[in-house]
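Asker: Just one file: my_file-v2.cif, with mmCIF, C-alpha atoms.
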data_work
loop_
_atom_site.label_atom_id
_atom_site.label_comp_id
_atom_site.auth_asym_id
_atom_site.auth_seq_id
_atom_site.Cartn_x
_atom_site.Cartn_y
_atom_site.Cartn_z
CA MET W 1 -11.06 -12.56 20.21
CA ASN W 2 -9.83 -12.79 16.61
CA ILE W 3 -12.50 -10.29 15.55
CA ILE W 4 -11.16 -7.71 18.01
CA ILE W 5 -7.54 -8.32 16.96
CA TYR W 6 -8.22 -7.98 13.24
CA ALA W 7 -10.60 -5.04 13.67
CA LEU W 8 -8.01 -3.13 15.69
CA LEU W 9 -5.29 -4.07 13.21
CA ALA W 10 -7.39 -2.80 10.29
CA LEU W 11 -8.27 0.43 12.12
CA GLY W 12 -4.70 1.17 13.17
CA ALA W 13 -3.13 0.21 9.85
CA THR W 14 -5.57 2.19 7.71
CA THR W 15 -5.42 5.26 9.95
CA ILE W 16 -1.63 5.31 9.69
CA GLY W 17 -1.83 4.36 6.02
CA SER W 18 -4.23 7.17 5.19
CA LEU W 19 -2.23 9.72 7.19
CA SER W 20 1.16 8.82 5.71
CA GLY W 21 0.15 7.57 2.25
CA MET W 22 1.27 4.03 3.10
CA GLY W 23 -2.21 2.69 2.40
CA GLY W 24 -2.39 0.30 5.36
CA GLY W 25 -1.85 -2.93 3.46
CA VAL W 26 1.91 -2.77 3.94
CA ILE W 27 1.26 -2.93 7.69
CA MET W 28 -1.65 -5.41 7.64
CA LYS W 29 -0.09 -8.00 5.32
CA PRO W 30 3.10 -8.75 7.30
CA ALA W 31 1.20 -8.42 10.60
CA MET W 32 -1.38 -10.99 9.44
CA ASP W 33 1.42 -13.23 8.17
CA PHE W 34 2.92 -13.07 11.65
CA LEU W 35 -0.39 -13.90 13.36
CA GLY W 36 -0.62 -16.96 11.13
CA HIS W 37 -4.40 -17.48 11.21
CA TYR W 38 -4.93 -17.43 7.43
CA PRO W 39 -3.16 -18.68 4.30
CA SER W 40 -1.20 -16.14 2.26
CA ALA W 41 -3.82 -15.86 -0.50
CA SER W 42 -6.63 -15.03 1.95
CA ILE W 43 -4.42 -12.53 3.78
CA GLY W 44 -3.60 -10.75 0.53
CA LEU W 45 -7.25 -10.51 -0.45
CA LEU W 46 -8.41 -9.38 3.01
CA SER W 47 -5.73 -6.71 2.95
CA SER W 48 -6.69 -5.58 -0.57
CA ILE W 49 -10.42 -5.35 0.24
CA THR W 50 -9.77 -3.34 3.41
CA VAL W 51 -7.30 -1.01 1.68
CA PHE W 52 -9.71 -0.48 -1.23
CA PHE W 53 -12.43 0.85 1.07
CA MET W 54 -9.96 2.89 3.11
CA SER W 55 -8.40 4.51 0.04
CA SER W 56 -11.86 5.27 -1.43
CA VAL W 57 -12.83 7.26 1.66
CA SER W 58 -9.44 8.86 2.13
CA LEU W 59 -9.09 9.98 -1.48
CA ALA W 60 -12.59 11.45 -1.64
CA LYS W 61 -12.17 13.42 1.59
CA ASP W 62 -8.62 14.51 0.80
CA TYR W 63 -9.52 15.68 -2.71
CA ARG W 64 -12.54 17.66 -1.50
CA ALA W 65 -10.45 19.30 1.19
CA GLN W 66 -7.73 20.21 -1.31
CA ARG W 67 -10.28 21.64 -3.75
CA ALA W 68 -11.95 23.66 -1.01
CA ALA W 69 -8.57 25.12 -0.10
CA GLY W 70 -7.94 26.03 -3.74
CA ARG W 71 -5.09 23.61 -4.31
CA VAL W 72 -5.00 20.21 -6.00
CA PRO W 73 -1.69 18.43 -5.31
CA VAL W 74 -1.48 16.60 -8.66
CA SER W 75 -3.26 17.33 -11.94
CA ILE W 76 -6.21 15.11 -12.86
CA LEU W 77 -4.58 14.15 -16.17
CA ARG W 78 -1.39 12.96 -14.48
CA LEU W 79 -3.40 11.01 -11.91
CA LEU W 80 -5.36 9.31 -14.71
CA ILE W 81 -2.16 8.33 -16.52
CA LEU W 82 -0.66 7.07 -13.26
CA SER W 83 -3.83 5.13 -12.53
CA ALA W 84 -3.87 3.50 -15.98
CA GLY W 85 -0.36 2.19 -15.35
CA SER W 86 -1.39 1.07 -11.88
CA ILE W 87 -4.35 -0.94 -13.21
CA ALA W 88 -2.15 -2.71 -15.77
CA GLY W 89 0.46 -3.41 -13.10
CA GLY W 90 -2.18 -4.66 -10.66
CA ILE W 91 -3.55 -7.19 -13.16
CA THR W 92 -0.04 -8.37 -14.05
CA GLY W 93 0.96 -8.65 -10.39
CA GLN W 94 -2.05 -10.83 -9.55
CA PHE W 95 -1.33 -13.03 -12.58
CA ILE W 96 2.29 -13.56 -11.50
CA TYR W 97 1.20 -14.17 -7.90
CA ASN W 98 -1.17 -16.95 -9.04
CA LYS W 99 1.63 -18.51 -11.09
CA VAL W 100 4.04 -18.44 -8.13
CA CYS W 101 1.43 -20.01 -5.83
CA ALA W 102 0.77 -22.78 -8.35
CA ALA W 103 4.49 -23.40 -8.90
CA VAL W 104 5.57 -23.67 -5.25
CA ASN W 105 2.25 -25.03 -3.87
CA ASN W 106 3.38 -24.23 -0.32
CA ASN W 107 1.95 -21.46 1.88
CA ASN W 108 5.16 -21.00 3.90
CA ALA W 109 7.18 -20.70 0.69
CA VAL W 110 4.86 -18.00 -0.65
CA ILE W 111 5.07 -16.08 2.65
CA PHE W 112 8.88 -16.41 2.52
CA ILE W 113 9.08 -15.07 -1.05
CA GLN W 114 6.72 -12.16 -0.36
CA ASN W 115 8.46 -11.13 2.85
CA ILE W 116 11.94 -11.37 1.30
CA CYS W 117 10.79 -9.08 -1.52
CA LEU W 118 9.09 -6.70 0.91
CA LEU W 119 12.11 -6.65 3.23
CA ILE W 120 14.48 -5.69 0.40
CA LEU W 121 12.15 -2.94 -0.81
CA MET W 122 11.54 -1.59 2.70
CA VAL W 123 15.26 -1.44 3.53
CA VAL W 124 15.91 0.48 0.30
CA VAL W 125 13.03 2.87 1.04
CA PHE W 126 14.08 3.30 4.69
CA VAL W 127 17.64 4.22 3.74
CA TYR W 128 16.43 6.53 0.98
CA MET W 129 14.00 8.40 3.23
CA LEU W 130 16.71 8.89 5.87
CA PHE W 131 19.03 10.50 3.33
CA ALA W 132 16.41 11.93 0.93
CA ASP W 133 17.60 15.50 1.52
CA LYS W 134 21.09 14.57 0.29
CA ILE W 135 19.99 12.57 -2.76
CA LYS W 136 19.32 14.35 -6.04
CA LYS W 137 15.65 14.23 -7.05
CA HIS W 138 14.18 14.37 -10.53
CA ARG W 139 11.22 16.23 -12.00
CA PHE W 140 10.00 13.92 -14.73
CA SER W 141 6.68 15.04 -16.18
CA SER W 142 6.24 12.87 -19.29
CA ALA W 143 3.37 10.42 -19.72
CA PRO W 144 5.73 7.39 -20.02
CA ALA W 145 7.29 8.25 -16.63
CA TYR W 146 3.85 8.27 -15.00
CA ILE W 147 2.70 5.10 -16.78
CA LEU W 148 5.86 3.15 -15.90
CA SER W 149 5.77 4.35 -12.30
CA GLY W 150 2.11 3.37 -12.00
CA PHE W 151 2.74 -0.03 -13.57
CA PHE W 152 5.66 -0.85 -11.27
CA LEU W 153 3.81 0.24 -8.15
CA GLY W 154 0.59 -1.51 -9.18
CA PHE W 155 2.54 -4.71 -9.79
CA ILE W 156 4.26 -4.55 -6.38
CA SER W 157 0.97 -3.70 -4.67
CA SER W 158 -0.88 -6.66 -6.18
CA PHE W 159 1.90 -9.25 -6.08
CA LEU W 160 2.82 -8.58 -2.45
CA GLY W 161 -0.75 -7.78 -1.35
CA ILE W 162 0.45 -4.70 0.51
CA GLY W 163 -0.93 -1.59 -1.17
CA GLY W 164 2.71 -0.54 -1.60
CA GLY W 165 2.48 2.82 0.18
CA PRO W 166 6.04 3.41 1.44
CA ILE W 167 7.47 2.33 -1.91
CA ASN W 168 5.00 4.59 -3.73
CA VAL W 169 5.84 7.61 -1.59
CA ALA W 170 9.61 7.17 -1.92
CA LEU W 171 9.38 6.69 -5.69
CA PHE W 172 7.19 9.76 -6.16
CA ILE W 173 9.57 11.89 -4.12
CA TYR W 174 12.58 10.66 -6.09
CA VAL W 175 11.11 10.61 -9.61
CA PHE W 176 8.71 13.58 -9.48
CA SER W 177 10.14 15.67 -6.58
CA PHE W 178 6.80 15.61 -4.74
CA GLU W 179 6.78 16.79 -1.14
CA ILE W 180 5.62 14.05 1.21
CA LYS W 181 1.94 15.07 1.50
CA THR W 182 1.62 15.31 -2.29
CA ALA W 183 3.39 11.95 -2.62
CA ALA W 184 0.96 10.51 -0.06
CA PHE W 185 -2.04 11.70 -2.10
CA ALA W 186 -0.61 10.26 -5.34
CA SER W 187 0.25 7.05 -3.47
CA LEU W 188 -3.34 6.57 -2.30
CA THR W 189 -4.55 7.11 -5.88
CA THR W 190 -2.19 4.42 -7.16
CA ILE W 191 -3.19 2.07 -4.34
CA PHE W 192 -6.90 2.59 -5.03
CA PHE W 193 -6.65 1.65 -8.70
CA ALA W 194 -4.22 -1.20 -8.07
CA GLN W 195 -6.72 -2.74 -5.64
CA ILE W 196 -9.52 -2.39 -8.21
CA ALA W 197 -7.35 -4.28 -10.69
CA LYS W 198 -6.45 -6.99 -8.15
CA LEU W 199 -10.03 -7.51 -6.98
CA ALA W 200 -11.37 -7.59 -10.54
CA SER W 201 -8.67 -10.09 -11.50
CA VAL W 202 -9.66 -12.36 -8.59
CA LEU W 203 -13.38 -12.11 -9.37
CA PHE W 204 -12.91 -12.99 -13.04
CA THR W 205 -10.43 -15.84 -12.46
CA THR W 206 -10.72 -17.87 -9.25
CA GLY W 207 -13.70 -16.05 -7.73
CA LEU W 208 -14.02 -15.54 -3.96
CA ALA W 209 -14.87 -19.13 -3.00
CA PRO W 210 -11.24 -20.33 -2.42
CA TYR W 211 -10.58 -17.55 0.14
CA ASP W 212 -11.44 -17.29 3.83
CA LEU W 213 -13.04 -13.84 4.06
CA SER W 214 -14.83 -14.29 7.39
CA MET W 215 -13.06 -11.23 8.83
CA ALA W 216 -13.75 -9.03 5.79
CA PRO W 217 -16.90 -7.24 7.11
CA TYR W 218 -15.18 -6.20 10.36
CA MET W 219 -12.00 -5.13 8.58
CA ILE W 220 -13.94 -3.15 5.97
CA ILE W 221 -15.83 -1.19 8.64
CA CYS W 222 -12.60 -0.41 10.48
CA GLY W 223 -10.85 0.38 7.20
CA ILE W 224 -13.48 2.98 6.36
CA ALA W 225 -13.18 4.45 9.86
CA GLY W 226 -9.39 4.51 9.47
CA GLY W 227 -9.75 6.36 6.17
CA PHE W 228 -11.82 9.09 7.82
CA LEU W 229 -9.55 9.36 10.86
CA GLY W 230 -6.29 9.27 8.91
CA THR W 231 -7.45 11.94 6.46
CA TYR W 232 -8.52 14.21 9.32
CA LEU W 233 -5.15 13.79 11.02
CA LYS W 234 -3.24 14.38 7.77
CA LEU W 235 -4.96 17.71 7.20
CA HIS W 236 -3.82 18.86 10.65
CA ALA W 237 -0.39 17.22 10.84
CA SER W 238 2.88 18.90 9.89
CA THR W 239 5.11 17.56 7.13
CA LYS W 240 7.79 16.86 9.74
CA ALA W 241 5.37 14.78 11.83
CA VAL W 242 4.32 12.74 8.79
CA ASN W 243 7.99 12.12 7.93
CA ILE W 244 8.76 10.90 11.45
CA LEU W 245 5.74 8.59 11.48
CA PHE W 246 6.67 7.27 8.06
CA ASN W 247 10.18 6.26 9.22
CA ILE W 248 8.94 4.70 12.47
CA VAL W 249 6.39 2.53 10.66
CA GLU W 250 8.99 1.50 8.07
CA ALA W 251 11.28 0.24 10.84
CA PHE W 252 8.37 -1.70 12.36
CA ILE W 253 7.55 -3.32 9.01
CA ILE W 254 11.19 -4.34 8.50
CA VAL W 255 11.18 -6.08 11.90
CA LEU W 256 7.92 -7.87 11.01
CA CYS W 257 9.34 -9.05 7.67
CA VAL W 258 12.44 -10.49 9.35
CA ALA W 259 10.25 -12.29 11.90
CA ASN W 260 8.04 -13.73 9.13
CA ILE W 261 11.04 -14.89 7.11
CA VAL W 262 12.51 -16.70 10.14
CA ARG W 263 9.17 -18.34 10.99
CA SER W 264 8.58 -19.53 7.42
CA LEU W 265 11.93 -21.32 7.14
#
Using structure tokens, write down the structure that the file contains.
Answerer:
Amino acid sequence: MNIIIYALLALGATTIGSLSGMGGGVIMKPAMDFLGHYPSASIGLLSSITVFFMSSVSLAKDYRAQRAAGRVPVSILRLLILSAGSIAGGITGQFIYNKVCAAVNNNNAVIFIQNICLLILMVVVFVYMLFADKIKKHRFSSAPAYILSGFFLGFISSFLGIGGGPINVALFIYVFSFEIKTAAFASLTTIFFAQIAKLASVLFTTGLAPYDLSMAPYMIICGIAGGFLGTYLKLHASTKAVNILFNIVEAFIIVLCVANIVRSL
């Protein structure tokens, strides 16, 4: 039964994540916290592995489709700079996460901290996206702006184990004035490299032995399928539809975070 639950969760989360640029982890992590079958560390790693495979497929298909149509949403150079910041942030986020786990030495406390942080970020993003048309946006184009943005988002992605999609999308819209589909593409790029950094950090520090990854094969398969399905839907969905889906999923995540915070007390 658990296999079916987690396979469907991975498929649904990565399809929505690929379509909207959320990445899927921001849905899977709080949902898996709520289900309560695994410790926080294993949940974060399962989420990261699934999102890594989803974002690999989604980015490759999305980029090929954009090239075939004669348009690339963000320049390769800017993506590389953004990715470099994301890798550094991902390594730092995993390092801080390990320190927090060692300091509190309590799974419920870690879940509480992560969900409080995620709740605050999601409320800010939700409010911003509702009033985005009325808030002045910026058009920063300097390398430091891309590096700092990538670092911050990579850190959040790794520390919270979420991919960071909604936060990524909102930040890219505000800082770089991207429209939502361009922000979604840049978000998936950031998520992809942040997960590489997180997974590499785990492999070279604790290794995989301390984690329960029994569900990983099923979630990876469904994550890849979600990447294909989400990318297909994104190429045929309107910007308005993506915006509506984005806000609905944000509200759902906020409710999940509140439920997880209450349960962990």
Asker: One decimal, in Å: what's the spacing between CA of Leu8 (chain W) and CA of Gln195 (chain W)?
Answerer: 21.4 Å
Asker: Is there a way to get, as a list in words, all residues within 10 Å of the point (-4.1, 3.2, -13.1) in file coordinates, counting only C-alpha atoms?
Answerer: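 Counting only C-alpha atoms, I find these residues within 10 Å of (-4.1, 3.2, -13.1): Leu79, Leu80, Ile81, Leu82, Ser83, Ala84, Gly85, Ser86, Ile87, Ala88, Gly89, Gly90, Tyr146, Ile147, Ser149, Gly150, Phe151, Leu153, Gly154, Thr189, Thr190, Ile191, Phe192, Phe193, Ala194, Gln195, Ile196 and Ala197 of chain W.
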Asker: Spell out the residues picked by the PyMOL selection byres ((chain W and resi 130-133) around 12) here, as an MDAnalysis selection string.
Answerer: chainID W and resid 123:129 134:138 169:175 177:180 243:244 246:248 250:251
Asker: Would you mind listing what lies within 12 Å of Thr205 (chain W) as an MDAnalysis selection string, with all atoms listed in the file counted and same-chain residues fewer than 4 positions away left out?
Answerer: chainID W and resid 91 94:95 98 198:201 209:210
Asker: At a cut-off of 9 Å around the point (9.4, -6.3, 5.4) (file coordinates), what residues fall inside when counting all atoms listed in the file? I'd like the answer as a ChimeraX atom specification.
Answerer: /W:26,30,114-123,250-261
Asker: For the residues in that selection, give me C-alpha atoms as a tab-separated table (two decimals), in the coordinates of the input.
Answerer:
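To be explicit, this is the file written out as result_31.tsv:
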chain	number	residue	atom	x	y	z
W	26	VAL	CA	1.91	-2.77	3.94
W	30	PRO	CA	3.10	-8.75	7.30
W	114	GLN	CA	6.72	-12.16	-0.36
W	115	ASN	CA	8.46	-11.13	2.85
W	116	ILE	CA	11.94	-11.37	1.30
W	117	CYS	CA	10.79	-9.08	-1.52
W	118	LEU	CA	9.09	-6.70	0.91
W	119	LEU	CA	12.11	-6.65	3.23
W	120	ILE	CA	14.48	-5.69	0.40
W	121	LEU	CA	12.15	-2.94	-0.81
W	122	MET	CA	11.54	-1.59	2.70
W	123	VAL	CA	15.26	-1.44	3.53
W	250	GLU	CA	8.99	1.50	8.07
W	251	ALA	CA	11.28	0.24	10.84
W	252	PHE	CA	8.37	-1.70	12.36
W	253	ILE	CA	7.55	-3.32	9.01
W	254	ILE	CA	11.19	-4.34	8.50
W	255	VAL	CA	11.18	-6.08	11.90
W	256	LEU	CA	7.92	-7.87	11.01
W	257	CYS	CA	9.34	-9.05	7.67
W	258	VAL	CA	12.44	-10.49	9.35
W	259	ALA	CA	10.25	-12.29	11.90
W	260	ASN	CA	8.04	-13.73	9.13
W	261	ILE	CA	11.04	-14.89	7.11
Asker: Using the chain letters and numbering of this document, enumerate as a ChimeraX atom specification the residues selected by the PyMOL selection byres ((chain W and resi 6) around 12).
Answerer: /W:1-5,7-14,28-29,31-32,35-38,43,46-47,50,213-223
Asker: Suppose you want the space between CA of Phe112 (chain W) and CA of Leu265 (chain W); what is it in Å?
Answerer: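 These atoms are spaced 7.4 Å apart.
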Asker: Evaluating the PyMOL selection byres ((chain W and resi 58) around 8) on the displayed file yields which residues, as a PyMOL selection string?
Answerer: chain W and resi 18+54-57+59-62+188+227-228+230-231
Asker: Quick one: of W:Tyr63, W:Ser75, W:Ala103, W:Leu208, who's nearest to Leu235 (chain W), counting all atoms listed in the file?
Answerer: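 So, comparing all the options, the nearest one is W:Tyr63.
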Asker: Find the distance between CA of Asn168 (chain W) and CA of Ile224 (chain W) and write it in Å to one decimal.
Answerer: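 Between CA of Asn168 (chain W) and CA of Ile224 (chain W) the gap is 21.1 Å.
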